[in-house]
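*Asks:* The structure follows.
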Amino acid sequence: MSRPPTFVPPPGVRAYRLATTRGEFAVLDATPHAPQEPQTPHAPQAPPKGTALLIPGFTGSKEDFIALHEPLAAAGYRTVAVDGRGQYETPGPPDDESPYAQAELAQDVLAQAAALGTPVHLVGHSLGGQIARAAVLLDPTPFSSLTLMSSGPARISAPQQQRVKLLRDALAVMGMADVWEAIQAMEAPAQTGPGDPGDSNGPGSGNLDAGLDDRADLRRRWLANSPAQLIATGRQLCTEPDRVAELAAVPLPMHVLSGACDDAWPVPLLDDMAVRLQARRSVVQGAEHSPNTDRPQETARALARFWDRCGPT
């Protein structure tokens, strides 16, 4: 079902380091192009309807959103996908877990939004959704809306907690390369891809039919992650409290988006969270925990429809 993220940005997507008050973060930035013009480095840019900041999940990276850039640019939106602290191309300490506390990662998101210089539509996938939620609860003013993509109200499901605990235990005693090799040896042929809990992109995959082909790129991304970041954020996934009531009190347009099935947070749980938040609800048919890679065109349409309802920023 799940397809791997490509590591080659489409034409017109810029890769650079976003300077913020909390350091530099690796990003992929796509801007809208003029109507009827292909999005190439030389295509005339059109004023965006709005800007979206995209926060990836556990073991993921900015590349998880690559397939969304073109359709969202065509819909009139600038999209900026970011590697968080200690994630792929944004460095972070390998041994100290304190910079990866959720409150610290939320402050990073606030700094990223401030650096973009405009209110942003905030999108968080899986773990990224919980970090995005924490940022909004600290200060909602930099944001035009919040989309929680395949990200539930509290900790992940019990089976996924067990998978993440195995990963954390391995990282405590093994190097990153050895953990990667152990994961490959453990995965059955139909489970060729390591992934976010219930995802398709990194260790802990619950998608039994995930088929990943870009093994060298995925290994390179895995090795670039900070072990301390993975241990700290893995613990967060397994202990996150339910903060939906707090979030519901924030006067911000909200959107709960997911695939039709999800083994990190059951879909009925996501349905209920949307009701509690009085949020727009989008279910992408044919997608699982990563609608951004499973069904990017449909996911982009759902995001653009929601942002259009929010109005220009």
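Going through the structure tokens in order, the chains are called A, B, and so on, while each chain numbers its residues from 1 and the ligands are numbered from 1 in the order shown.
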May I have the residues within 9 Å of segment 167-183 of chain A as a PyMOL selection string, using only C-alpha atoms and disregarding those fewer than 4 positions away in the same chain?
*Replies:* chain A and resi 162-163+187+194+203-204+219+222-228+230-232+234-235
*Asks:* List every residue of segment 84-234 of chain A that DSSP, applied to the backbone of this structure, places in alpha helix (DSSP H), and write the result as a PyMOL selection string.
*Replies:* chain A and resi 102-116+127-138+158-173+176-186+215-224+227-234
*Asks:* I'd like to know which residues of segment 9-240 of chain A are strand (DSSP E or B) (by DSSP, run on the backbone); could you write them as a VMD selection string?
*Replies:* chain A and resid 13 to 20 23 to 30 33 45 50 to 55 77 to 82 87 90 120 to 125 143 to 149 197 205
*Asks:* Show me, as JSON lines, the residues of segment 16-129 of chain A having an atom within 10 Å of segment 243-260 of chain A, each with the closest atom pair and its distance in Å, using only C-alpha atoms.
*Replies:*
{"residue": "A:His121", "atom": "CA", "partner": "A:Pro253", "partner_atom": "CA", "distance": 9.5}
{"residue": "A:Leu122", "atom": "CA", "partner": "A:Met254", "partner_atom": "CA", "distance": 9.6}
{"residue": "A:Val123", "atom": "CA", "partner": "A:His255", "partner_atom": "CA", "distance": 9.1}
{"residue": "A:His125", "atom": "CA", "partner": "A:Leu257", "partner_atom": "CA", "distance": 9.3}
{"residue": "A:Ser126", "atom": "CA", "partner": "A:Ser258", "partner_atom": "CA", "distance": 9.7}
{"residue": "A:Gly129", "atom": "CA", "partner": "A:Val256", "partner_atom": "CA", "distance": 9.9}
*Asks:* Could you write out the selected residues, including all heavy atoms, as a compact mmCIF listing (two decimals), in the first residue's frame?
*Replies:*
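For reference, selection.txt as written:
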# COMPACT_ATOMS: atom_id res chain seq x y z
N HIS A 121 -0.30 27.95 7.87
CA HIS A 121 -1.12 26.78 8.11
C HIS A 121 -0.17 25.68 8.61
O HIS A 121 0.74 25.27 7.88
CB HIS A 121 -1.81 26.34 6.82
CG HIS A 121 -2.79 27.32 6.29
ND1 HIS A 121 -3.98 27.61 6.93
CD2 HIS A 121 -2.77 28.10 5.17
CE1 HIS A 121 -4.66 28.51 6.23
NE2 HIS A 121 -3.94 28.83 5.16
N LEU A 122 -0.36 25.21 9.80
CA LEU A 122 0.54 24.24 10.42
C LEU A 122 -0.01 22.84 10.19
O LEU A 122 -1.19 22.56 10.47
CB LEU A 122 0.66 24.52 11.91
CG LEU A 122 1.64 23.66 12.72
CD1 LEU A 122 3.06 23.78 12.18
CD2 LEU A 122 1.60 24.06 14.19
N VAL A 123 0.84 21.95 9.67
CA VAL A 123 0.46 20.55 9.42
C VAL A 123 1.48 19.66 10.11
O VAL A 123 2.68 19.79 9.89
CB VAL A 123 0.45 20.24 7.90
CG1 VAL A 123 0.09 18.76 7.67
CG2 VAL A 123 -0.51 21.15 7.17
N HIS A 125 2.39 15.56 10.88
CA HIS A 125 2.10 14.15 10.62
C HIS A 125 2.54 13.30 11.79
O HIS A 125 3.70 13.36 12.21
CB HIS A 125 2.81 13.68 9.34
CG HIS A 125 2.67 12.22 9.08
ND1 HIS A 125 3.74 11.37 8.96
CD2 HIS A 125 1.56 11.44 8.94
CE1 HIS A 125 3.31 10.14 8.75
NE2 HIS A 125 1.98 10.16 8.73
N SER A 126 1.62 12.50 12.35
CA SER A 126 1.94 11.53 13.40
C SER A 126 2.59 12.22 14.59
O SER A 126 2.00 13.11 15.19
CB SER A 126 2.81 10.42 12.80
OG SER A 126 2.89 9.31 13.65
N GLY A 129 2.34 15.83 14.49
CA GLY A 129 1.07 16.41 14.90
C GLY A 129 1.06 16.73 16.39
O GLY A 129 0.51 17.75 16.81
*Asks:* Just want the 7 Å neighbourhood of Gly128 of chain A, counted on only C-alpha atoms, with same-chain residues fewer than 2 positions away dropped. Output as a PDB file with N, CA, C and O atoms, in the first residue's frame.
*Replies:*
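Full text of part_3.pdb as output:
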ATOM      1  N   ILE A  55       5.363  19.436   9.309  1.00  0.00           N
ATOM      2  CA  ILE A  55       6.197  18.834  10.349  1.00  0.00           C
ATOM      3  C   ILE A  55       6.112  17.308  10.225  1.00  0.00           C
ATOM      4  O   ILE A  55       5.028  16.727  10.390  1.00  0.00           O
ATOM      5  N   PRO A  56       7.229  16.622   9.958  1.00  0.00           N
ATOM      6  CA  PRO A  56       7.177  15.164   9.748  1.00  0.00           C
ATOM      7  C   PRO A  56       7.102  14.379  11.055  1.00  0.00           C
ATOM      8  O   PRO A  56       7.241  14.930  12.156  1.00  0.00           O
ATOM      9  N   GLY A  57       6.914  13.061  10.892  1.00  0.00           N
ATOM     10  CA  GLY A  57       6.736  12.181  12.033  1.00  0.00           C
ATOM     11  C   GLY A  57       8.014  11.485  12.474  1.00  0.00           C
ATOM     12  O   GLY A  57       9.124  11.775  12.009  1.00  0.00           O
ATOM     13  N   GLY A 124       1.004  18.752  10.952  1.00  0.00           N
ATOM     14  CA  GLY A 124       1.890  17.812  11.618  1.00  0.00           C
ATOM     15  C   GLY A 124       1.455  16.390  11.354  1.00  0.00           C
ATOM     16  O   GLY A 124       0.280  16.043  11.557  1.00  0.00           O
ATOM     17  N   HIS A 125       2.387  15.557  10.877  1.00  0.00           N
ATOM     18  CA  HIS A 125       2.096  14.153  10.617  1.00  0.00           C
ATOM     19  C   HIS A 125       2.541  13.301  11.789  1.00  0.00           C
ATOM     20  O   HIS A 125       3.700  13.360  12.207  1.00  0.00           O
ATOM     21  N   SER A 126       1.625  12.497  12.354  1.00  0.00           N
ATOM     22  CA  SER A 126       1.938  11.526  13.398  1.00  0.00           C
ATOM     23  C   SER A 126       2.588  12.223  14.591  1.00  0.00           C
ATOM     24  O   SER A 126       1.996  13.114  15.194  1.00  0.00           O
ATOM     25  N   GLN A 130       1.661  15.869  17.185  1.00  0.00           N
ATOM     26  CA  GLN A 130       1.685  16.130  18.626  1.00  0.00           C
ATOM     27  C   GLN A 130       2.633  17.271  18.963  1.00  0.00           C
ATOM     28  O   GLN A 130       2.367  18.059  19.874  1.00  0.00           O
ATOM     29  N   ILE A 131       3.726  17.380  18.210  1.00  0.00           N
ATOM     30  CA  ILE A 131       4.621  18.529  18.388  1.00  0.00           C
ATOM     31  C   ILE A 131       3.922  19.808  17.938  1.00  0.00           C
ATOM     32  O   ILE A 131       4.012  20.849  18.607  1.00  0.00           O
ATOM     33  N   ALA A 132       3.210  19.741  16.808  1.00  0.00           N
ATOM     34  CA  ALA A 132       2.458  20.897  16.329  1.00  0.00           C
ATOM     35  C   ALA A 132       1.402  21.314  17.345  1.00  0.00           C
ATOM     36  O   ALA A 132       1.206  22.514  17.604  1.00  0.00           O
TER      37      ALA A 132
END
*Asks:* For atom CA of Gln112 of chain A and atom CA of Ala135 of chain A, quote the distance in Å rounded to one decimal.
*Replies:*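 Rounded to one decimal, the two atoms are 10.8 Å apart.
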*Asks:* A:Val27, A:Val13, A:Ala302, A:Leu237: which is nearest Gln161 of chain A, counting only C-alpha atoms?
*Replies:*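 For Gln161 of chain A, the nearest of the candidates is A:Leu237.
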*Asks:* Just the number, please: distance in Å from atom CA of Arg133 of chain A to atom CA of Glu240 of chain A, one decimal.
*Replies:*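 A separation of 11.4 Å between them.
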*Asks:* Calculate how many Å separate atom CA of Ala216 of chain A from atom CA of Gln184 of chain A, rounding to one decimal.
*Replies:* 12.5 Å
*Asks:* Just checking: using only C-alpha atoms, which residue out of A:Gly92, A:Pro71, A:Gly23, A:Pro291 ends up closest to Val109 of chain A?
*Replies:*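 Result for the nearest residue to Val109 of chain A: A:Gly23.
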*Asks:* Excluding Thr51 of chain A and any residue of its chain fewer than 6 positions from it, enumerate the residues within 8 Å of it, using only C-alpha atoms, and give them as a tab-separated table (two decimals) with N, CA and C atoms, in the first residue's frame.
*Replies:*
chain	number	residue	atom	x	y	z
A	77	TYR	N	-0.72	27.43	-2.94
A	77	TYR	CA	-0.13	27.49	-1.60
A	77	TYR	C	1.38	27.24	-1.63
A	78	ARG	N	2.09	28.05	-0.86
A	78	ARG	CA	3.50	27.81	-0.59
A	78	ARG	C	3.61	26.76	0.51
A	79	THR	N	4.49	25.78	0.34
A	79	THR	CA	4.67	24.73	1.33
A	79	THR	C	6.13	24.65	1.74
A	80	VAL	N	6.37	24.62	3.03
A	80	VAL	CA	7.73	24.54	3.58
A	80	VAL	C	7.77	23.33	4.51
A	118	THR	N	5.06	35.14	8.19
A	118	THR	CA	3.64	35.25	7.87
A	118	THR	C	2.89	34.20	8.66
A	119	PRO	N	1.63	34.43	9.01
A	119	PRO	CA	0.87	33.35	9.65
A	119	PRO	C	0.85	32.12	8.75
A	120	VAL	N	1.05	30.96	9.32
A	120	VAL	CA	1.17	29.74	8.52
A	120	VAL	C	0.08	28.74	8.89
A	121	HIS	N	-0.30	27.95	7.87
A	121	HIS	CA	-1.12	26.78	8.11
A	121	HIS	C	-0.17	25.68	8.61
A	313	THR	N	-4.32	34.35	3.98
A	313	THR	CA	-3.54	34.73	5.15
A	313	THR	C	-2.60	35.87	4.79
*Asks:* Between A:Ala300, A:Val283, A:Leu137, A:Ala74, single out the one closest to Val267 of chain A, counting only C-alpha atoms.
*Replies:* A:Val283
